[in-house]
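See structure below.
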Amino acid sequence: MPHGTEKQHCPYEAVQAATDLYGPVVLHPVTDRRGSAVWRAVGPDGTAAVKVGFGDAALVTAREAAVLDQMRLPWYRTAHGDAGDAYWIVTQWFTGPSTREAFAAVRDGEGDRRDAYRAAVDLCRTVAGLHERGWVHSDLQPEHAIHTTTGVRLIDMSWSWRPGFPPSPRFVGGVPHLLAPELAASIEAGDRPVMPSSSAEVYALAGLLWTCATGRWPLDYGWVGIRPHAIGAAGLRQAISVRGIPLDSDRPWPELQHVLKDVLLAPASERPTATQLTDLIVYKARP
Ligand SMILES: Nc1ncnc2c1ncn2[C@@H]1O[C@H](COP(=O)(O)OP(=O)(O)O)[C@@H](O)[C@H]1O
Ligand SMILES: [Mg+2]
């Protein structure tokens, strides 16, 4: 099914599931891209997130539902199911800033880094907790953590993995800009399935915090004459895999970025764990 600019319709079954949780809901569109759409479903008793994968993306959404079932996160009440050509998931709506939003004052040069510091530490601790339970999120991004008053909630778990749970044959590493060089090399060498790792995830974690602080991806593509849009995801992975691209020179938060720089430049075997990265940030980047 083509996914042009036409708006997707939320399947009746998904609306019913949200209504079962929170009473008759009103749908507000949030995102609609690459065959996957999210609505905020507001009812008298609460708010749900309704995510629907259409056509080819239905398989990706069905895998996310399987991940959520297996992870058994206590705060993630979910319902999910098939609706013909679509697969839907209903979860609670998590209220709070994304990590990118929590860093707004840093990007604006306002000087007060306390919210961003707390968000960075909370996110690292959450990822460390996930890794301790054997899971890897596999697609950490500045928008994939929501900082609620009761803790960080990770979202968009379609590619998440733990030993014994088959990795997705469709996974190609997530956002190339946050891809660890050794994983980029493995993907470009044709290794399949692409195997997530906690070590590559720590690279992504450092890269996303860097991006939240600067508003720019960690690597300075321009310095080596690369235009990411022109070379596409595979070209970018190839370029990242040879480790020749320097870090961007913008340093709005030198103490934090010094910690992150060491993570981004270290060989995989010398990268800290997410727990160690948490401690480094706590001791070296406290505002
Ligand atoms: N449970 C949720 N609580 C709050 N916001 C959510 C939730 N699920 C999704 N969103 C919002 O919808 C956006 C898209 O969701 P995501 O799962 O990342 O879908 P996609 O696969 O299209 O990237 C997120 O960036 C976030 O803003
Ligand atoms: Mg997403």
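All residue names refer to the structure tokens as shown: chains lettered A, B, ... in order, residues numbered from 1 in each chain, ligands numbered from 1 in order.
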
**Report entry** Within 10 Å of ligand 1, counting only C-alpha atoms and all ligand atoms, residues as a PyMOL selection string
**Finding:** chain A and resi 29-40+47-53+57+60-61+64+76-78+89-98+139-148+153-158

Output for the residues just chosen: C-alpha atoms as an mmCIF file, in the first residue's frame:
data_model
loop_
_atom_site.group_PDB
_atom_site.id
_atom_site.type_symbol
_atom_site.label_atom_id
_atom_site.label_comp_id
_atom_site.auth_asym_id
_atom_site.auth_seq_id
_atom_site.Cartn_x
_atom_site.Cartn_y
_atom_site.Cartn_z
ATOM 1 C CA PRO A 29 -2.815 13.336 15.501
ATOM 2 C CA VAL A 30 0.833 13.440 16.678
ATOM 3 C CA THR A 31 2.985 11.910 13.933
ATOM 4 C CA ASP A 32 2.365 10.112 10.628
ATOM 5 C CA ARG A 33 5.451 8.968 8.754
ATOM 6 C CA ARG A 34 6.937 5.897 7.064
ATOM 7 C CA GLY A 35 3.667 4.002 7.426
ATOM 8 C CA SER A 36 3.466 4.529 11.193
ATOM 9 C CA ALA A 37 1.092 6.968 12.876
ATOM 10 C CA VAL A 38 0.652 8.054 16.499
ATOM 11 C CA TRP A 39 -2.417 9.681 18.040
ATOM 12 C CA ARG A 40 -2.953 11.149 21.493
ATOM 13 C CA THR A 47 -4.779 9.853 27.969
ATOM 14 C CA ALA A 48 -3.489 7.048 25.754
ATOM 15 C CA ALA A 49 -0.911 6.886 22.991
ATOM 16 C CA VAL A 50 -2.260 4.980 20.006
ATOM 17 C CA LYS A 51 0.414 3.808 17.575
ATOM 18 C CA VAL A 52 -0.533 2.107 14.329
ATOM 19 C CA GLY A 53 1.691 0.529 11.685
ATOM 20 C CA ALA A 57 5.130 -1.081 8.871
ATOM 21 C CA VAL A 60 7.446 -3.416 12.814
ATOM 22 C CA THR A 61 4.643 -2.311 15.138
ATOM 23 C CA GLU A 64 7.193 -3.489 19.230
ATOM 24 C CA TYR A 76 3.565 0.277 30.495
ATOM 25 C CA ARG A 77 -0.084 -0.835 30.399
ATOM 26 C CA THR A 78 -0.639 -1.933 26.848
ATOM 27 C CA ILE A 89 -0.650 -0.587 20.143
ATOM 28 C CA VAL A 90 -2.336 1.398 22.891
ATOM 29 C CA THR A 91 -0.264 2.543 25.893
ATOM 30 C CA GLN A 92 -0.510 5.310 28.465
ATOM 31 C CA TRP A 93 0.452 8.740 27.270
ATOM 32 C CA PHE A 94 3.643 9.810 29.063
ATOM 33 C CA THR A 95 3.657 13.467 30.050
ATOM 34 C CA GLY A 96 6.891 15.398 30.233
ATOM 35 C CA PRO A 97 9.703 16.780 28.093
ATOM 36 C CA SER A 98 11.700 14.603 25.721
ATOM 37 C CA ASP A 139 17.042 3.036 18.695
ATOM 38 C CA LEU A 140 17.869 5.681 21.292
ATOM 39 C CA GLN A 141 17.140 9.162 19.991
ATOM 40 C CA PRO A 142 16.584 12.619 21.525
ATOM 41 C CA GLU A 143 12.805 12.058 21.224
ATOM 42 C CA HIS A 144 12.666 8.457 22.453
ATOM 43 C CA ALA A 145 12.829 9.200 26.167
ATOM 44 C CA ILE A 146 10.125 11.111 28.001
ATOM 45 C CA HIS A 147 11.081 12.569 31.377
ATOM 46 C CA THR A 148 7.966 12.216 33.556
ATOM 47 C CA ARG A 153 9.939 6.342 29.968
ATOM 48 C CA LEU A 154 11.598 4.963 26.844
ATOM 49 C CA ILE A 155 9.369 4.712 23.777
ATOM 50 C CA ASP A 156 9.606 3.356 20.205
ATOM 51 C CA MET A 157 10.908 -0.104 21.072
ATOM 52 C CA SER A 158 10.447 -1.798 17.682
#

Report task. Fewer than 3 positions away in the same chain doesn't count, so skip those; otherwise give me all residues within 6 Å of segment 275-287 of chain A, counting only C-alpha atoms, as a PyMOL selection string. Result -> chain A and resi 121+124+128+255-256+272

Those of segment 195-256 of chain A in DSSP helix (DSSP H, G or I), formatted as a PDB file with N, CA, C and O atoms, in the first residue's frame:
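Written output follows (result.pdb):
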ATOM      1  N   SER A 198      24.924  -3.652  23.892  1.00  0.00           N
ATOM      2  CA  SER A 198      24.853  -2.590  24.901  1.00  0.00           C
ATOM      3  C   SER A 198      25.991  -1.596  24.691  1.00  0.00           C
ATOM      4  O   SER A 198      25.845  -0.407  24.950  1.00  0.00           O
ATOM      5  N   SER A 199      27.122  -2.090  24.198  1.00  0.00           N
ATOM      6  CA  SER A 199      28.253  -1.199  23.969  1.00  0.00           C
ATOM      7  C   SER A 199      27.933  -0.178  22.852  1.00  0.00           C
ATOM      8  O   SER A 199      28.194   1.025  22.992  1.00  0.00           O
ATOM      9  N   ALA A 200      27.348  -0.652  21.753  1.00  0.00           N
ATOM     10  CA  ALA A 200      26.943   0.284  20.687  1.00  0.00           C
ATOM     11  C   ALA A 200      25.874   1.240  21.211  1.00  0.00           C
ATOM     12  O   ALA A 200      25.809   2.412  20.806  1.00  0.00           O
ATOM     13  N   GLU A 201      25.044   0.757  22.120  1.00  0.00           N
ATOM     14  CA  GLU A 201      23.992   1.616  22.673  1.00  0.00           C
ATOM     15  C   GLU A 201      24.587   2.750  23.521  1.00  0.00           C
ATOM     16  O   GLU A 201      24.034   3.852  23.552  1.00  0.00           O
ATOM     17  N   VAL A 202      25.704   2.475  24.210  1.00  0.00           N
ATOM     18  CA  VAL A 202      26.329   3.538  25.001  1.00  0.00           C
ATOM     19  C   VAL A 202      26.874   4.628  24.064  1.00  0.00           C
ATOM     20  O   VAL A 202      26.801   5.823  24.366  1.00  0.00           O
ATOM     21  N   TYR A 203      27.384   4.228  22.899  1.00  0.00           N
ATOM     22  CA  TYR A 203      27.786   5.225  21.897  1.00  0.00           C
ATOM     23  C   TYR A 203      26.568   6.079  21.511  1.00  0.00           C
ATOM     24  O   TYR A 203      26.625   7.312  21.498  1.00  0.00           O
ATOM     25  N   ALA A 204      25.455   5.414  21.209  1.00  0.00           N
ATOM     26  CA  ALA A 204      24.239   6.150  20.809  1.00  0.00           C
ATOM     27  C   ALA A 204      23.774   7.080  21.930  1.00  0.00           C
ATOM     28  O   ALA A 204      23.350   8.215  21.674  1.00  0.00           O
ATOM     29  N   LEU A 205      23.898   6.603  23.161  1.00  0.00           N
ATOM     30  CA  LEU A 205      23.480   7.403  24.318  1.00  0.00           C
ATOM     31  C   LEU A 205      24.338   8.668  24.426  1.00  0.00           C
ATOM     32  O   LEU A 205      23.818   9.781  24.597  1.00  0.00           O
ATOM     33  N   ALA A 206      25.646   8.496  24.294  1.00  0.00           N
ATOM     34  CA  ALA A 206      26.544   9.659  24.331  1.00  0.00           C
ATOM     35  C   ALA A 206      26.236  10.590  23.151  1.00  0.00           C
ATOM     36  O   ALA A 206      26.193  11.819  23.295  1.00  0.00           O
ATOM     37  N   GLY A 207      26.014  10.000  21.989  1.00  0.00           N
ATOM     38  CA  GLY A 207      25.734  10.804  20.791  1.00  0.00           C
ATOM     39  C   GLY A 207      24.436  11.577  20.902  1.00  0.00           C
ATOM     40  O   GLY A 207      24.333  12.725  20.470  1.00  0.00           O
ATOM     41  N   LEU A 208      23.444  10.961  21.526  1.00  0.00           N
ATOM     42  CA  LEU A 208      22.156  11.677  21.635  1.00  0.00           C
ATOM     43  C   LEU A 208      22.264  12.816  22.647  1.00  0.00           C
ATOM     44  O   LEU A 208      21.701  13.891  22.431  1.00  0.00           O
ATOM     45  N   LEU A 209      23.016  12.608  23.736  1.00  0.00           N
ATOM     46  CA  LEU A 209      23.184  13.695  24.711  1.00  0.00           C
ATOM     47  C   LEU A 209      23.961  14.853  24.068  1.00  0.00           C
ATOM     48  O   LEU A 209      23.649  16.029  24.278  1.00  0.00           O
ATOM     49  N   TRP A 210      24.964  14.505  23.275  1.00  0.00           N
ATOM     50  CA  TRP A 210      25.726  15.530  22.546  1.00  0.00           C
ATOM     51  C   TRP A 210      24.788  16.338  21.651  1.00  0.00           C
ATOM     52  O   TRP A 210      24.822  17.580  21.615  1.00  0.00           O
ATOM     53  N   THR A 211      23.940  15.606  20.936  1.00  0.00           N
ATOM     54  CA  THR A 211      22.994  16.248  20.006  1.00  0.00           C
ATOM     55  C   THR A 211      22.010  17.141  20.752  1.00  0.00           C
ATOM     56  O   THR A 211      21.672  18.236  20.284  1.00  0.00           O
ATOM     57  N   CYS A 212      21.564  16.690  21.929  1.00  0.00           N
ATOM     58  CA  CYS A 212      20.637  17.503  22.715  1.00  0.00           C
ATOM     59  C   CYS A 212      21.328  18.795  23.175  1.00  0.00           C
ATOM     60  O   CYS A 212      20.693  19.851  23.250  1.00  0.00           O
ATOM     61  N   ALA A 213      22.623  18.708  23.486  1.00  0.00           N
ATOM     62  CA  ALA A 213      23.344  19.883  23.979  1.00  0.00           C
ATOM     63  C   ALA A 213      23.635  20.895  22.868  1.00  0.00           C
ATOM     64  O   ALA A 213      23.559  22.101  23.086  1.00  0.00           O
ATOM     65  N   THR A 214      23.958  20.390  21.682  1.00  0.00           N
ATOM     66  CA  THR A 214      24.396  21.301  20.610  1.00  0.00           C
ATOM     67  C   THR A 214      23.305  21.581  19.581  1.00  0.00           C
ATOM     68  O   THR A 214      23.398  22.571  18.844  1.00  0.00           O
ATOM     69  N   TYR A 221      30.422  16.331   9.568  1.00  0.00           N
ATOM     70  CA  TYR A 221      30.499  15.787   8.209  1.00  0.00           C
ATOM     71  C   TYR A 221      31.111  16.787   7.238  1.00  0.00           C
ATOM     72  O   TYR A 221      31.840  16.432   6.333  1.00  0.00           O
ATOM     73  N   GLY A 222      30.779  18.065   7.453  1.00  0.00           N
ATOM     74  CA  GLY A 222      31.263  19.107   6.544  1.00  0.00           C
ATOM     75  C   GLY A 222      32.792  19.149   6.494  1.00  0.00           C
ATOM     76  O   GLY A 222      33.387  19.410   5.447  1.00  0.00           O
ATOM     77  N   TRP A 223      33.425  18.868   7.623  1.00  0.00           N
ATOM     78  CA  TRP A 223      34.887  18.920   7.721  1.00  0.00           C
ATOM     79  C   TRP A 223      35.554  17.970   6.722  1.00  0.00           C
ATOM     80  O   TRP A 223      36.638  18.229   6.215  1.00  0.00           O
ATOM     81  N   VAL A 224      34.889  16.832   6.465  1.00  0.00           N
ATOM     82  CA  VAL A 224      35.448  15.863   5.508  1.00  0.00           C
ATOM     83  C   VAL A 224      34.686  15.891   4.175  1.00  0.00           C
ATOM     84  O   VAL A 224      34.806  14.977   3.357  1.00  0.00           O
ATOM     85  N   PRO A 228      25.394  14.535   4.198  1.00  0.00           N
ATOM     86  CA  PRO A 228      24.635  13.326   4.547  1.00  0.00           C
ATOM     87  C   PRO A 228      23.464  13.039   3.612  1.00  0.00           C
ATOM     88  O   PRO A 228      23.238  11.893   3.231  1.00  0.00           O
ATOM     89  N   HIS A 229      22.710  14.075   3.233  1.00  0.00           N
ATOM     90  CA  HIS A 229      21.545  13.824   2.377  1.00  0.00           C
ATOM     91  C   HIS A 229      21.967  13.273   1.024  1.00  0.00           C
ATOM     92  O   HIS A 229      21.260  12.478   0.421  1.00  0.00           O
ATOM     93  N   ALA A 230      23.138  13.702   0.566  1.00  0.00           N
ATOM     94  CA  ALA A 230      23.576  13.283  -0.766  1.00  0.00           C
ATOM     95  C   ALA A 230      24.042  11.830  -0.768  1.00  0.00           C
ATOM     96  O   ALA A 230      23.874  11.127  -1.769  1.00  0.00           O
ATOM     97  N   ILE A 231      24.621  11.356   0.318  1.00  0.00           N
ATOM     98  CA  ILE A 231      25.170   9.992   0.286  1.00  0.00           C
ATOM     99  C   ILE A 231      24.221   8.946   0.882  1.00  0.00           C
ATOM    100  O   ILE A 231      24.459   7.747   0.745  1.00  0.00           O
ATOM    101  N   GLY A 232      23.169   9.376   1.542  1.00  0.00           N
ATOM    102  CA  GLY A 232      22.172   8.438   2.052  1.00  0.00           C
ATOM    103  C   GLY A 232      22.673   7.633   3.242  1.00  0.00           C
ATOM    104  O   GLY A 232      23.836   7.747   3.654  1.00  0.00           O
ATOM    105  N   ALA A 233      21.772   6.792   3.797  1.00  0.00           N
ATOM    106  CA  ALA A 233      22.083   6.067   5.037  1.00  0.00           C
ATOM    107  C   ALA A 233      23.259   5.109   4.844  1.00  0.00           C
ATOM    108  O   ALA A 233      24.158   5.036   5.695  1.00  0.00           O
ATOM    109  N   ALA A 234      23.288   4.370   3.740  1.00  0.00           N
ATOM    110  CA  ALA A 234      24.369   3.391   3.542  1.00  0.00           C
ATOM    111  C   ALA A 234      25.714   4.103   3.392  1.00  0.00           C
ATOM    112  O   ALA A 234      26.728   3.677   3.960  1.00  0.00           O
ATOM    113  N   GLY A 235      25.724   5.219   2.654  1.00  0.00           N
ATOM    114  CA  GLY A 235      26.961   5.985   2.475  1.00  0.00           C
ATOM    115  C   GLY A 235      27.456   6.529   3.806  1.00  0.00           C
ATOM    116  O   GLY A 235      28.663   6.543   4.100  1.00  0.00           O
ATOM    117  N   LEU A 236      26.511   6.961   4.609  1.00  0.00           N
ATOM    118  CA  LEU A 236      26.855   7.511   5.928  1.00  0.00           C
ATOM    119  C   LEU A 236      27.434   6.419   6.830  1.00  0.00           C
ATOM    120  O   LEU A 236      28.443   6.627   7.514  1.00  0.00           O
ATOM    121  N   ARG A 237      26.800   5.256   6.814  1.00  0.00           N
ATOM    122  CA  ARG A 237      27.315   4.141   7.638  1.00  0.00           C
ATOM    123  C   ARG A 237      28.730   3.779   7.207  1.00  0.00           C
ATOM    124  O   ARG A 237      29.609   3.547   8.038  1.00  0.00           O
ATOM    125  N   GLN A 238      28.953   3.771   5.896  1.00  0.00           N
ATOM    126  CA  GLN A 238      30.290   3.465   5.372  1.00  0.00           C
ATOM    127  C   GLN A 238      31.300   4.492   5.889  1.00  0.00           C
ATOM    128  O   GLN A 238      32.376   4.143   6.381  1.00  0.00           O
ATOM    129  N   ALA A 239      30.938   5.768   5.800  1.00  0.00           N
ATOM    130  CA  ALA A 239      31.845   6.840   6.242  1.00  0.00           C
ATOM    131  C   ALA A 239      32.109   6.750   7.743  1.00  0.00           C
ATOM    132  O   ALA A 239      33.240   6.925   8.208  1.00  0.00           O
ATOM    133  N   ILE A 240      31.071   6.447   8.522  1.00  0.00           N
ATOM    134  CA  ILE A 240      31.217   6.361   9.982  1.00  0.00           C
ATOM    135  C   ILE A 240      32.089   5.169  10.357  1.00  0.00           C
ATOM    136  O   ILE A 240      32.890   5.234  11.292  1.00  0.00           O
ATOM    137  N   SER A 241      31.987   4.087   9.593  1.00  0.00           N
ATOM    138  CA  SER A 241      32.681   2.849   9.955  1.00  0.00           C
ATOM    139  C   SER A 241      34.202   3.014   9.898  1.00  0.00           C
ATOM    140  O   SER A 241      34.915   2.320  10.602  1.00  0.00           O
ATOM    141  N   PRO A 254      31.168  22.294  27.876  1.00  0.00           N
ATOM    142  CA  PRO A 254      32.452  21.598  27.746  1.00  0.00           C
ATOM    143  C   PRO A 254      32.616  20.426  28.715  1.00  0.00           C
ATOM    144  O   PRO A 254      33.147  19.378  28.325  1.00  0.00           O
ATOM    145  N   GLU A 255      32.160  20.587  29.976  1.00  0.00           N
ATOM    146  CA  GLU A 255      32.379  19.511  30.960  1.00  0.00           C
ATOM    147  C   GLU A 255      31.635  18.234  30.545  1.00  0.00           C
ATOM    148  O   GLU A 255      32.186  17.134  30.606  1.00  0.00           O
ATOM    149  N   LEU A 256      30.384  18.391  30.140  1.00  0.00           N
ATOM    150  CA  LEU A 256      29.622  17.223  29.687  1.00  0.00           C
ATOM    151  C   LEU A 256      30.224  16.667  28.395  1.00  0.00           C
ATOM    152  O   LEU A 256      30.426  15.460  28.243  1.00  0.00           O
TER     153      LEU A 256
END

Requested in this report: Please identify which residues in segment 12-229 of chain A DSSP calls strand (DSSP E) from the backbone, and express them as an NGL selection string.
Outcome: :A and (26-33 or 36-43 or 46-54 or 79-83 or 86-92 or 145-148 or 151-154)

Query - Neighbour list for Ser197 of chain A as number ranges by chain, cut-off 9 Å, only C-alpha atoms, skip fewer than 5 positions in-chain - result: A: 135-136, 138, 161-162, 183, 202

Selected residues, N, CA, C and O atoms, written as an mmCIF file, in the first residue's frame, please.
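Saved file selection_34.cif follows:
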data_model
loop_
_atom_site.group_PDB
_atom_site.id
_atom_site.type_symbol
_atom_site.label_atom_id
_atom_site.label_comp_id
_atom_site.auth_asym_id
_atom_site.auth_seq_id
_atom_site.Cartn_x
_atom_site.Cartn_y
_atom_site.Cartn_z
ATOM 1 N N TRP A 135 18.394 -6.157 28.278
ATOM 2 C CA TRP A 135 17.795 -5.568 27.083
ATOM 3 C C TRP A 135 18.669 -4.460 26.498
ATOM 4 O O TRP A 135 19.416 -3.795 27.224
ATOM 5 N N VAL A 136 18.532 -4.243 25.200
ATOM 6 C CA VAL A 136 19.115 -3.095 24.515
ATOM 7 C C VAL A 136 17.963 -2.419 23.774
ATOM 8 O O VAL A 136 17.198 -3.106 23.083
ATOM 9 N N SER A 138 18.118 -0.161 21.304
ATOM 10 C CA SER A 138 18.541 -0.237 19.896
ATOM 11 C C SER A 138 18.145 0.942 19.019
ATOM 12 O O SER A 138 18.501 0.955 17.840
ATOM 13 N N TRP A 161 15.997 -5.527 21.868
ATOM 14 C CA TRP A 161 16.489 -6.898 21.773
ATOM 15 C C TRP A 161 17.104 -7.336 23.097
ATOM 16 O O TRP A 161 17.633 -6.515 23.842
ATOM 17 N N ARG A 162 16.977 -8.614 23.372
ATOM 18 C CA ARG A 162 17.782 -9.237 24.433
ATOM 19 C C ARG A 162 18.124 -10.637 23.962
ATOM 20 O O ARG A 162 17.437 -11.186 23.080
ATOM 21 N N LEU A 183 29.435 -1.091 14.677
ATOM 22 C CA LEU A 183 28.144 -1.599 14.204
ATOM 23 C C LEU A 183 27.917 -1.153 12.755
ATOM 24 O O LEU A 183 27.425 -1.925 11.924
ATOM 25 N N VAL A 202 25.704 2.475 24.210
ATOM 26 C CA VAL A 202 26.329 3.538 25.001
ATOM 27 C C VAL A 202 26.874 4.628 24.064
ATOM 28 O O VAL A 202 26.801 5.823 24.366
#

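Compared by their closest atoms to ligand 2, and using only C-alpha atoms and all ligand atoms, the residues A:Gly174, A:Pro167, A:Gly244, A:Pro196 rank with A:Gly174 nearest.
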
Query raised in the report: Out of A:Trp159, A:Tyr12, A:Phe165, A:Trp217, which residue has the shortest atom-to-atom distance to ligand 2 when counting only C-alpha atoms and all ligand atoms?
Result: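 Between A:Trp159, A:Tyr12, A:Phe165, A:Trp217, the residue approaching ligand 2 most closely is A:Trp159.
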
Query raised in the report: Which is closer to Pro11 of chain A than all the others in A:Arg170, A:His177, A:Arg63, A:His80, using only C-alpha atoms?
Result: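 Of the candidates, the smallest distance to Pro11 of chain A is held by A:His80.
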
Requested in this report: Write out as a ChimeraX atom specification the residues lying within 9 Å of Asp82 of chain A, counting only C-alpha atoms and excluding same-chain residues fewer than 5 positions away.
Outcome: /A:13,58,62,87-88

Show which residues sit within 8 Å of Asp220 of chain A, as an mmCIF file with N, CA, C and O atoms, in the first residue's frame. Count only C-alpha atoms, and ignore same-chain residues fewer than 4 positions away.
data_model
loop_
_atom_site.group_PDB
_atom_site.id
_atom_site.type_symbol
_atom_site.label_atom_id
_atom_site.label_comp_id
_atom_site.auth_asym_id
_atom_site.auth_seq_id
_atom_site.Cartn_x
_atom_site.Cartn_y
_atom_site.Cartn_z
ATOM 1 N N VAL A 224 34.889 16.832 6.465
ATOM 2 C CA VAL A 224 35.448 15.863 5.508
ATOM 3 C C VAL A 224 34.686 15.891 4.175
ATOM 4 O O VAL A 224 34.806 14.977 3.357
ATOM 5 N N ILE A 245 35.816 10.772 10.662
ATOM 6 C CA ILE A 245 35.074 12.038 10.748
ATOM 7 C C ILE A 245 35.270 12.642 12.133
ATOM 8 O O ILE A 245 34.967 11.986 13.135
ATOM 9 N N PRO A 246 35.788 13.870 12.243
ATOM 10 C CA PRO A 246 36.002 14.451 13.577
ATOM 11 C C PRO A 246 34.679 14.841 14.233
ATOM 12 O O PRO A 246 33.653 14.958 13.563
ATOM 13 N N LEU A 247 34.743 15.051 15.559
ATOM 14 C CA LEU A 247 33.565 15.535 16.271
ATOM 15 C C LEU A 247 33.315 16.991 15.916
ATOM 16 O O LEU A 247 34.250 17.755 15.644
ATOM 17 N N ASP A 248 32.065 17.377 15.946
ATOM 18 C CA ASP A 248 31.678 18.762 15.721
ATOM 19 C C ASP A 248 32.370 19.655 16.767
ATOM 20 O O ASP A 248 32.589 19.230 17.908
ATOM 21 N N SER A 249 32.716 20.867 16.377
ATOM 22 C CA SER A 249 33.526 21.706 17.284
ATOM 23 C C SER A 249 32.691 22.526 18.274
ATOM 24 O O SER A 249 33.238 23.131 19.194
#

Report summary line: Between atom CA of Gly81 of chain A and atom CA of Gly55 of chain A lies a distance of 14.2 Å

Query - Interatomic distance, atom CA of Ala119 of chain A to atom CA of Pro181 of chain A (Å, one decimal) - result: 25.8 Å
